[in-house]
Structure formats: structure tokens, C-alpha cells
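Engineer: Below is a structure I'd like to ask you about.
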Amino acid sequence: MSQVPDNLRYRESHEWIDPQTGAMGITDHAQHELTDVVYVELPKVGTQVKAGDQIAVVESVKAASDIYAPVSGEIVEANAALSSDSSLVNTEPFVQGWICKIKASDPAELNALMDAAAYRQHIA
Amino acid sequence: MAHPSHSGAVSETTSLKRSPLHEKHLELGARMVPFAGWEMPVQYKGIVDEHKAVRGHAGVFDISHMGQFLIEGRGAEAFLNRALTNNVSKLAPGQGQYTLLLNADGGVIDDLIVYRLSDREFFLVVNASKIDEDREQLKSLGFGDDVQFADISEQTGGIAVQGPRSRDVFKAVFGSDAGFPEHNTAFISVTADGVLYLCGTGYTGEEGFEFFAPASVIGDWFDKLVAAARDAGGMPCGLGARDTLRLEMGYPLNGNDLAPDKTPLQAGLGFFVDYEKGDFVGRDALLKQKEVGLPTKLTAFRMTGASPPPRPHYPVWGGDACLTEICSGCLSPTLGYGIGMAYLPVALSKPGNALEIEIRGKKYAAETVKKPFYRKPSN
């Protein structure tokens with residue numbers, strides 16, 4: 001059973017975002033589907049992004065997968081720890097495995113994302 | 001998240017062939033993907049764990065998708081010497097060799113292993129994606145009255161056991177008194193269930209064997225081999241690990257690294273071509289290429305700085321010139337850096353030459369290196 005923390009919001013394409021901190025990453029379900037993450041291409045801090053923009057790439061041994069911004073805003077931090085240990089995306093997708101932080105420009109976009117209950121249904 | 005370079009779409013699997021071990025894979029929780037017209041396990045536990053299991057212990061692979069031909073008769077030896085690049089006359093019964101099937105231009109149709117079973121019987125193991133093409137090519141050369149050909153691919157299942165503990169796995173399953181098929185040798189065992197082929201070959205650089213049996217009985221053998229591999233610290237392994245293991249050794253994969261417009265000389269496989277044995281398909285073209293020089297050579301490279309994994313079709317740059325694209329590439333699970341192979345102009349193929357690999361519009365430093373990428377620690 002994949003973990004789906006209650007305090008996060010979710011995009012259909014399996015990204016999560018924490019409405020409190022703006023931290024985002026990929027879900028436990030997504031990391032399980034991707035399998036061993038061997039490389040993460042992080043977004044540049046300071047970049048302005050629109051919801052749905054491709055902002056990062058997560059690579060397993062077999063495939064490169066695009067990661068999309070759950071909301072519009074500015075990339076204010078990227079998780080440099082993933083450069084030395086990309087497997088954090090597998091082992092702690094919601095904690096140490098976060099990809100970047102986005103300062104949301106439109107709070108309404110956060111509310112439009114799935115809550116935990118809806119995401120659980122989405123991956124059921 | 002999206003899977004732009006992932007070919008495992010569920011809708012594609014409807015017309016795919018299934019291995020006789022299909023149900024076993026599902027029971028083991030394998031992830032199934034399309035490969036060479038087959039639905040095959042790309043991984044069970046994870047590619048990196050499986051890769052390391054083979055380097056350290058033992059891995060069990062389903063290779064039922066591979067093709068098997070039996071060629072026998074008084075004219076079989078001469079026929080195979082005409083069809084293939086290597087010299088089957090050098091094989092004693094029970095011995096095998098790596099060889100190539102070429103077109104008239106000297107380009108590679110397939111790479112395969114041929115075993116001599118007796119003075120007039122030969123067993124060929126060919127790539128899954130090339131079974132039909134190989135059969136048609138052989139047929140087109142004319143078997144005559146002295147050569148009987150049988151394609152037994154459909155009714156044959158196959159399992160590869162690879163890794164330093166392969167002998168222990170073999171003994172546990174076949175008995176401690178059973179002879180292990182040493183490298184490039186094969187035994188056949190005639191049982192009530194049909195013929196078993198035990199071959200001392202592999203595609204990982206580790207010691208091991210490949211085992212072919214009638215599809216109807218392969219499942220029981222798979223269970224036994226997986227159990228014995230687990231006892232030896234190993235596990236079942238998918239095609240994902242098979243690919244990273246073979247690439248660490250610099251072994252070519254037909255379709256990626258071998259192609260009908262590339263000769264074995266360009267692929268660095270000249271060792272498996274015997275010009276002295278007499279005429280064979282592609283011989284004139286190879287001799288001519290030797291004389292005028294190779295246009296390109298399959299060259300190994302490694303990434304020299306932090307970079308995403310190099311993958312097939314990424315552009316390869318030398319200075320301001322885009323030279324070619326990657327044939328095979330991956331992040332080496334053993335070495336921890338990106339490795340790959342590409343056809344480069346001969347002048348640029350010597351080890352230590354600087355290259356750049358373009359990945360999503362950005363260039364990353366690489367350099368040409370000697371094969372194999374991985375050498376077993378000697379101890």
C-alpha cells in the first residue's frame with residue numbers, strides 16, 4: 001500500500017506539494033512505479049513556473065520521467081541532497097526526497113489540486 | 001510525472017508473445033514490458049539489486065524468448081561455414097562459438113552461438129527479434145538434400161543462471177555428480193520430458209550457464225533454479241539487469257549496437273570472422289572494407305563528470321561536430337557512472353579522446369575508454 005500523507009495536495013501526474021512550506025516531490029506510488037532513481041535533474045532557483053510546466057527530470061535505470069509543477073510560482077529552493085543521493089526519492093519520497101520548493105503565486109491553484117482522499121482513489 | 005522514454009504501454013501488450021514462464025513472473029511480482037515482440041519481465045525487485053546479485057552471487061533470467069535452431073545432416077558443417085563468419089570445423093562435439101550471420105554487404109543480420117552436438121548436428125541460439133529473419137536468410141542460402149533445418153524456438157523455453165555462485169546453483173538443481181558446462185561447451189541430456197540443452201554461455205561477464213528445455217517443463221526447472229539461487233544469496237533477474245550487465249562488459253546488443261549497415265569489423269568483432277575457411281556470405285565485403293579502412297568503429301565511452309545517465313539515441317559531439325548518436329548507454333550500477341557505446345570515426349575511437357554527450361539540450365563531458373568497462377576484481 002502506498003503512503004498518501006493527509007497534509008499534502010496532489011497532482012494527477014503523481015507530484016505532491018505541501019501547502020504550508022511549498023515543498024514538492026513525487027509520491028510514494030510514483031517512486032514505486034519508477035523504481036531505482038539514479039539521477040534527478042533539479043530546477044534552477046529563481047525560475048518562474050506555471051502550473052503544469054516541466055520543471056525536473058527523475059531518471060531510473062530504464063527511463064527518464066518529466067516532473068511537472070503542481071502550481072504556478074517561483075522556484076525558491078532545490079534539494080541539493082538529491083545530487084549526491086538520488087535514492088532519497090525512493091526511500092523518503094515525502095521527507096528527505098523532496099525536489100524543490102515553490103512559492104505559489106495563486107493560492108486558488110493549491111485548492112484545485114487533489115486532497116489525500118481523492119489521490120488515494122486516483123491510484124486505487 | 002510522465003514516461004517519455006518508456007515503451008511499456010499496457011495497450012501494446014495484447015499482440016505480444018508470452019513466455020512459458022509468464023505466470024511465474026506474475027507470481028514473483030515482475031514488471032512486464034514489451035521486448036522484441038515478447039512480454040517479458042524487465043525487473044522483479046529492482047534493476048540495481050538484481051544487477052548486484054549477479055555480480056556478487058547468482059541471478060536467474062528467463063531467456064525463453066530467444067530462438068533455437070537445429071541444423072543437421074551430412075552437409076550441415078559446410079552449410080554453416082558458408083552462412084556464418086566463424087569456423088564451425090574448429091568445434092569438437094560439445095563445443096560452441098560466438099559467430100555472426102551477415103548479409104551480402106557484410107552487415108550484421110544477427111549474432112548468435114553455435115554448438116556442435118555431434119559430427120553432423122548443430123544447435124544455434126539466436127536473438128528473439130531476429131528468429132524469422134535468421135530463418136529466412138538461412139533458407140535463402142539453400143539447405144539442399146544434405147541439410148535438415150528445424151526451428152524449435154516455439155516449443156523451447158530457456159533460463160540463464162549467471163554469477164559467481166552459478167556452480168552451486170547448478171549442483172543444487174542437477175546434482176553434485178552432474179558435469180558443469182564449462183565456458184563455450186554444451187551437453188545434451190535426453191530425459192523422459194524431452195531434450196535438455198546445458199550450455200556454458202552467458203551475457204553478463206560472470207560464470208554461468210544457459211539451459212534450454214521443452215516449454216512444457218521449463219516452469220518446474222525455473223522454480224528449482226530460483227530457489228537454489230536464493231539459497232546462494234541471489235534472485236530472479238529481469239531484462240533490465242541483463243542489459244546493464246552486458247553493457248558493463250561492452251557486449252553488443254543486436255538492434256542497438258549491431259545493424260545491417262555495420263560490419264563485424266566496425267563492431268570490433270573481427271576475432272569471430274575466419275577468412276581462411278573458404279567463402280561465406282559477406283566475406284568479399286569484409287575483405288574490401290579491410291583494404292579501404294573502416295568508416296567508423298563501435299567505441300566505448302564513459303561520462304567524466306556528474307551527468308544524467310547516457311541513453312540510446314542521445315547525440316555525441318566531438319568539438320563543434322555532432323558525430324553520431326549513442327547505440328547503448330546507461331548508468332553503470334557497479335561503477336556508478338554513465339557508460340555507453342557509439343560508432344565513431346576511427347581517428348576518434350582511441351581511448352582517452354574527449355567527447356560530449358548531449359542530454360536534453362545540454363552537453364556533458366565524456367571520454368572514450370577501452371572495453372570492457374567493468375573488470376572482475378582478481379582475488
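In the C-alpha cells, chains take the letters A, B, ... in the order shown, each chain's residues start at 1, and ligands count up from 1 in the order shown.
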Compile a residue-level contact table for chain B against chain A at a cut-off of 12 Å, reporting for every qualifying residue the shortest atom pair and its distance in Å to one decimal, with only C-alpha atoms counted, rows ordered by chain and ascending number, as a Markdown table.

Structural biologist:
```
| residue | atom | partner | partner_atom | distance |
| --- | --- | --- | --- | --- |
| B:Met1 | CA | A:Ile67 | CA | 4.6 |
| B:Ala2 | CA | A:Ser65 | CA | 5.1 |
| B:His3 | CA | A:Ser65 | CA | 4.8 |
| B:Pro4 | CA | A:Ser65 | CA | 6.3 |
| B:Ser5 | CA | A:Ala63 | CA | 5.6 |
| B:His6 | CA | A:Ala63 | CA | 5.6 |
| B:Ser7 | CA | A:Ala63 | CA | 9.1 |
| B:Gly8 | CA | A:Ala63 | CA | 10.3 |
| B:Ala30 | CA | A:Glu33 | CA | 11.8 |
| B:Arg31 | CA | A:Glu33 | CA | 9.3 |
| B:Val33 | CA | A:Lys62 | CA | 11.3 |
| B:Val42 | CA | A:Lys62 | CA | 9.0 |
| B:Gln43 | CA | A:Thr35 | CA | 9.4 |
| B:Tyr44 | CA | A:Thr35 | CA | 10.2 |
| B:Lys45 | CA | A:Thr35 | CA | 8.9 |
| B:Gly46 | CA | A:Thr35 | CA | 6.4 |
| B:Ile47 | CA | A:Val61 | CA | 7.1 |
| B:Val48 | CA | A:Asp36 | CA | 7.0 |
| B:Asp49 | CA | A:Asp36 | CA | 9.1 |
| B:Glu50 | CA | A:Asp36 | CA | 11.2 |
| B:His51 | CA | A:Val61 | CA | 10.9 |
| B:Gly238 | CA | A:Lys62 | CA | 11.8 |
| B:Leu239 | CA | A:Lys62 | CA | 10.3 |
| B:Gly240 | CA | A:Lys62 | CA | 7.0 |
| B:Ala241 | CA | A:Val61 | CA | 9.1 |
| B:Arg242 | CA | A:Lys62 | CA | 11.8 |
| B:Asp243 | CA | A:Lys62 | CA | 9.7 |
| B:Thr244 | CA | A:Val61 | CA | 8.5 |
| B:Leu245 | CA | A:Val61 | CA | 12.0 |
| B:Ala306 | CA | A:Ser83 | CA | 8.7 |
| B:Ser307 | CA | A:Tyr39 | CA | 8.1 |
| B:Pro308 | CA | A:Tyr39 | CA | 5.9 |
| B:Pro309 | CA | A:Tyr39 | CA | 7.3 |
| B:Pro310 | CA | A:Val61 | CA | 10.2 |
| B:Arg311 | CA | A:Ala63 | CA | 8.9 |
| B:Pro312 | CA | A:Lys62 | CA | 10.8 |
| B:Ser328 | CA | A:Lys62 | CA | 11.8 |
| B:Gly329 | CA | A:Val61 | CA | 10.1 |
| B:Cys330 | CA | A:Val61 | CA | 6.8 |
| B:Leu331 | CA | A:Val61 | CA | 6.6 |
| B:Ser332 | CA | A:Val61 | CA | 8.8 |
| B:Pro333 | CA | A:Val61 | CA | 8.5 |
| B:Gly336 | CA | A:Val38 | CA | 9.3 |
| B:Tyr337 | CA | A:Val38 | CA | 10.0 |
| B:Gly338 | CA | A:Val38 | CA | 10.4 |
| B:Ile359 | CA | A:Ala64 | CA | 10.9 |
| B:Arg360 | CA | A:Val57 | CA | 10.0 |
| B:Lys362 | CA | A:Glu41 | CA | 11.6 |
```

Engineer: Determine which residues of range 27-117 of chain B DSSP labels as alpha helix (DSSP H) from the backbone of this structure, then write them out as an NGL selection string.

Structural biologist: :B and (27 or 47-56 or 76-83)

Engineer: Restrict the selected residues to C-alpha atoms and save them as an mmCIF file, in the first residue's frame.

Structural biologist:
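Generated file (result-v8.cif):
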```cif
data_model
loop_
_atom_site.group_PDB
_atom_site.id
_atom_site.type_symbol
_atom_site.label_atom_id
_atom_site.label_comp_id
_atom_site.auth_asym_id
_atom_site.auth_seq_id
_atom_site.Cartn_x
_atom_site.Cartn_y
_atom_site.Cartn_z
ATOM 1 C CA GLU B 27 3.623 -14.619 -9.082
ATOM 2 C CA ILE B 47 17.331 -3.461 -11.604
ATOM 3 C CA VAL B 48 20.140 -2.292 -9.316
ATOM 4 C CA ASP B 49 19.581 -5.060 -6.717
ATOM 5 C CA GLU B 50 19.323 -7.674 -9.454
ATOM 6 C CA HIS B 51 22.452 -6.376 -11.188
ATOM 7 C CA LYS B 52 24.417 -6.579 -7.921
ATOM 8 C CA ALA B 53 23.024 -10.051 -7.167
ATOM 9 C CA VAL B 54 24.575 -11.303 -10.428
ATOM 10 C CA ARG B 55 27.944 -9.619 -9.786
ATOM 11 C CA GLY B 56 28.040 -10.953 -6.204
ATOM 12 C CA ALA B 76 25.493 -29.175 -42.073
ATOM 13 C CA GLU B 77 29.115 -28.262 -41.346
ATOM 14 C CA ALA B 78 29.776 -26.913 -44.840
ATOM 15 C CA PHE B 79 26.440 -25.087 -44.851
ATOM 16 C CA LEU B 80 27.150 -23.301 -41.562
ATOM 17 C CA ASN B 81 30.644 -22.364 -42.688
ATOM 18 C CA ARG B 82 29.074 -20.757 -45.745
ATOM 19 C CA ALA B 83 26.325 -18.977 -43.737
#
```

Engineer: Just list the residues in range 167-268 of chain B DSSP gives strand (DSSP E or B) on the backbone, as a list in words.

Structural biologist: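 Checking each residue of range 167-268 of chain B, the strand (DSSP E or B) ones are Thr185, Ala186, Phe187, Ile188, Ser189, Val190, Thr191, Gly194, Val195, Leu196, Tyr197, Leu198, Cys199, Gly208, Phe209, Glu210, Phe211, Phe212, Ala213, Pro214, Met235, Pro236, Cys237, Asn254 and Leu258 of chain B.
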
Engineer: Might you pull out every residue within 6 Å of range 271-274 of chain B, with only C-alpha atoms counted and same-chain residues fewer than 3 positions away left off, and present them as a PyMOL selection string?

Structural biologist: chain B and resi 85-86+99

Engineer: Please dump the current selection as a PDB file, in the first residue's frame; keep N, CA and C atoms.

Structural biologist:
```
ATOM      1  N   THR B  85      30.167 -16.409 -39.975  1.00  0.00           N
ATOM      2  CA  THR B  85      31.531 -15.874 -40.108  1.00  0.00           C
ATOM      3  C   THR B  85      32.596 -16.741 -39.453  1.00  0.00           C
ATOM      4  N   ASN B  86      32.265 -17.390 -38.336  1.00  0.00           N
ATOM      5  CA  ASN B  86      33.262 -18.192 -37.630  1.00  0.00           C
ATOM      6  C   ASN B  86      33.357 -19.573 -38.267  1.00  0.00           C
ATOM      7  N   THR B  99      29.365 -16.350 -33.146  1.00  0.00           N
ATOM      8  CA  THR B  99      29.522 -16.169 -34.581  1.00  0.00           C
ATOM      9  C   THR B  99      28.480 -15.172 -35.088  1.00  0.00           C
TER      10      THR B  99
END
```

Engineer: Within 7 Å of Leu286 in chain B, counting only C-alpha atoms, which residues qualify if same-chain residues fewer than 4 places away don't, as a tab-separated table (two decimals) with N, CA and C atoms, in the first residue's frame?

Structural biologist:
```
chain	number	residue	atom	x	y	z
B	106	GLY	N	28.12	-7.56	-45.93
B	106	GLY	CA	28.95	-7.70	-44.74
B	106	GLY	C	28.30	-7.12	-43.49
B	282	GLY	N	29.20	-12.39	-47.12
B	282	GLY	CA	29.76	-11.14	-46.59
B	282	GLY	C	31.28	-11.07	-46.63
B	290	LYS	N	38.38	-4.03	-45.13
B	290	LYS	CA	39.72	-4.09	-44.50
B	290	LYS	C	40.71	-3.31	-45.33
```

Engineer: One decimal, in Å: what's the spacing between CA of Arg120 in chain B and CA of Glu154 in chain B?

Structural biologist: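 That distance, rounded to one decimal, is 23.2 Å.
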
Engineer: Would you mind reading off the distance between CA of Leu287 in chain B and CA of Gly352 in chain B, one decimal, in Å?

Structural biologist: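 Computing it gives 29.0 Å between the two atoms.
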
Engineer: Determine, counting only C-alpha atoms, which protein, DNA and RNA residues have an atom within 6 Å of an atom of Cys100 in chain A; residues of the same chain fewer than 4 positions away are not included. Present the result as an mmCIF file with N, CA and C atoms, in the first residue's frame.

Structural biologist:
```cif
data_model
loop_
_atom_site.group_PDB
_atom_site.id
_atom_site.type_symbol
_atom_site.label_atom_id
_atom_site.label_comp_id
_atom_site.auth_asym_id
_atom_site.auth_seq_id
_atom_site.Cartn_x
_atom_site.Cartn_y
_atom_site.Cartn_z
ATOM 1 N N ALA A 23 7.087 22.870 -0.409
ATOM 2 C CA ALA A 23 7.939 21.752 -0.856
ATOM 3 C C ALA A 23 7.129 20.828 -1.762
ATOM 4 N N MET A 24 7.766 20.310 -2.807
ATOM 5 C CA MET A 24 7.086 19.360 -3.693
ATOM 6 C C MET A 24 8.025 18.216 -4.073
ATOM 7 N N GLU A 77 13.835 27.112 -3.803
ATOM 8 C CA GLU A 77 14.871 26.240 -3.256
ATOM 9 C C GLU A 77 14.838 24.927 -4.032
ATOM 10 N N ALA A 78 16.018 24.307 -4.227
ATOM 11 C CA ALA A 78 16.085 22.973 -4.827
ATOM 12 C C ALA A 78 16.838 22.073 -3.862
ATOM 13 N N ASN A 79 16.465 20.826 -3.800
ATOM 14 C CA ASN A 79 17.043 19.907 -2.812
ATOM 15 C C ASN A 79 18.389 19.355 -3.287
#
```

Engineer: What's around Val4 in chain A at 12 Å? Count only C-alpha atoms, leave out sequence neighbours fewer than 2 positions away in its own chain, and write the answer as a list of chain:residue names.

Structural biologist: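 Final neighbour list, sorted by chain and number: A:Met1, A:Ser2, A:Asp6, A:Asn7, A:Leu8, A:Arg9, A:Tyr10, A:His14, A:Glu15, A:Trp16, A:Ile17, A:Ile26, A:Thr27, A:Asp28, A:His29, A:Ala30, A:Pro93, A:Phe94, A:Met114, A:Asp115, A:Ala116, A:Ala117, A:Ala118, A:Tyr119, A:Arg120, A:Gln121, A:His122, A:Ile123, A:Ala124.
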
Engineer: Could you turn the residues from that selection into a file that holds C-alpha atoms, as a short mmCIF file (atom, residue, chain, number, x, y, z; two decimals), in the first residue's frame?

Structural biologist:
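Saved result, part19.cif, follows:
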```
data_model
loop_
_atom_site.label_atom_id
_atom_site.label_comp_id
_atom_site.auth_asym_id
_atom_site.auth_seq_id
_atom_site.Cartn_x
_atom_site.Cartn_y
_atom_site.Cartn_z
CA MET A 1 0.00 0.00 0.00
CA SER A 2 1.42 3.37 -0.99
CA ASP A 6 -3.12 13.72 4.71
CA ASN A 7 -1.49 17.15 4.89
CA LEU A 8 -0.39 17.28 1.23
CA ARG A 9 -2.03 18.16 -2.10
CA TYR A 10 -1.63 16.01 -5.20
CA HIS A 14 1.76 11.96 -9.13
CA GLU A 15 3.51 15.06 -7.80
CA TRP A 16 2.77 16.21 -4.23
CA ILE A 17 3.06 19.69 -2.73
CA ILE A 26 6.83 12.73 -6.33
CA THR A 27 4.54 10.40 -4.44
CA ASP A 28 5.31 7.03 -2.91
CA HIS A 29 3.16 5.47 -5.63
CA ALA A 30 5.23 7.26 -8.30
CA PRO A 93 9.58 10.48 -1.10
CA PHE A 94 7.69 12.85 1.23
CA MET A 114 -6.47 16.68 -5.16
CA ASP A 115 -6.55 16.13 -1.43
CA ALA A 116 -5.27 12.87 0.06
CA ALA A 117 -8.65 11.12 -0.15
CA ALA A 118 -9.06 11.99 -3.83
CA TYR A 119 -5.48 10.93 -4.63
CA ARG A 120 -5.99 7.60 -2.84
CA GLN A 121 -8.93 6.99 -5.18
CA HIS A 122 -6.86 8.12 -8.15
CA ILE A 123 -4.21 5.43 -7.57
CA ALA A 124 -6.60 2.71 -6.36
#
```
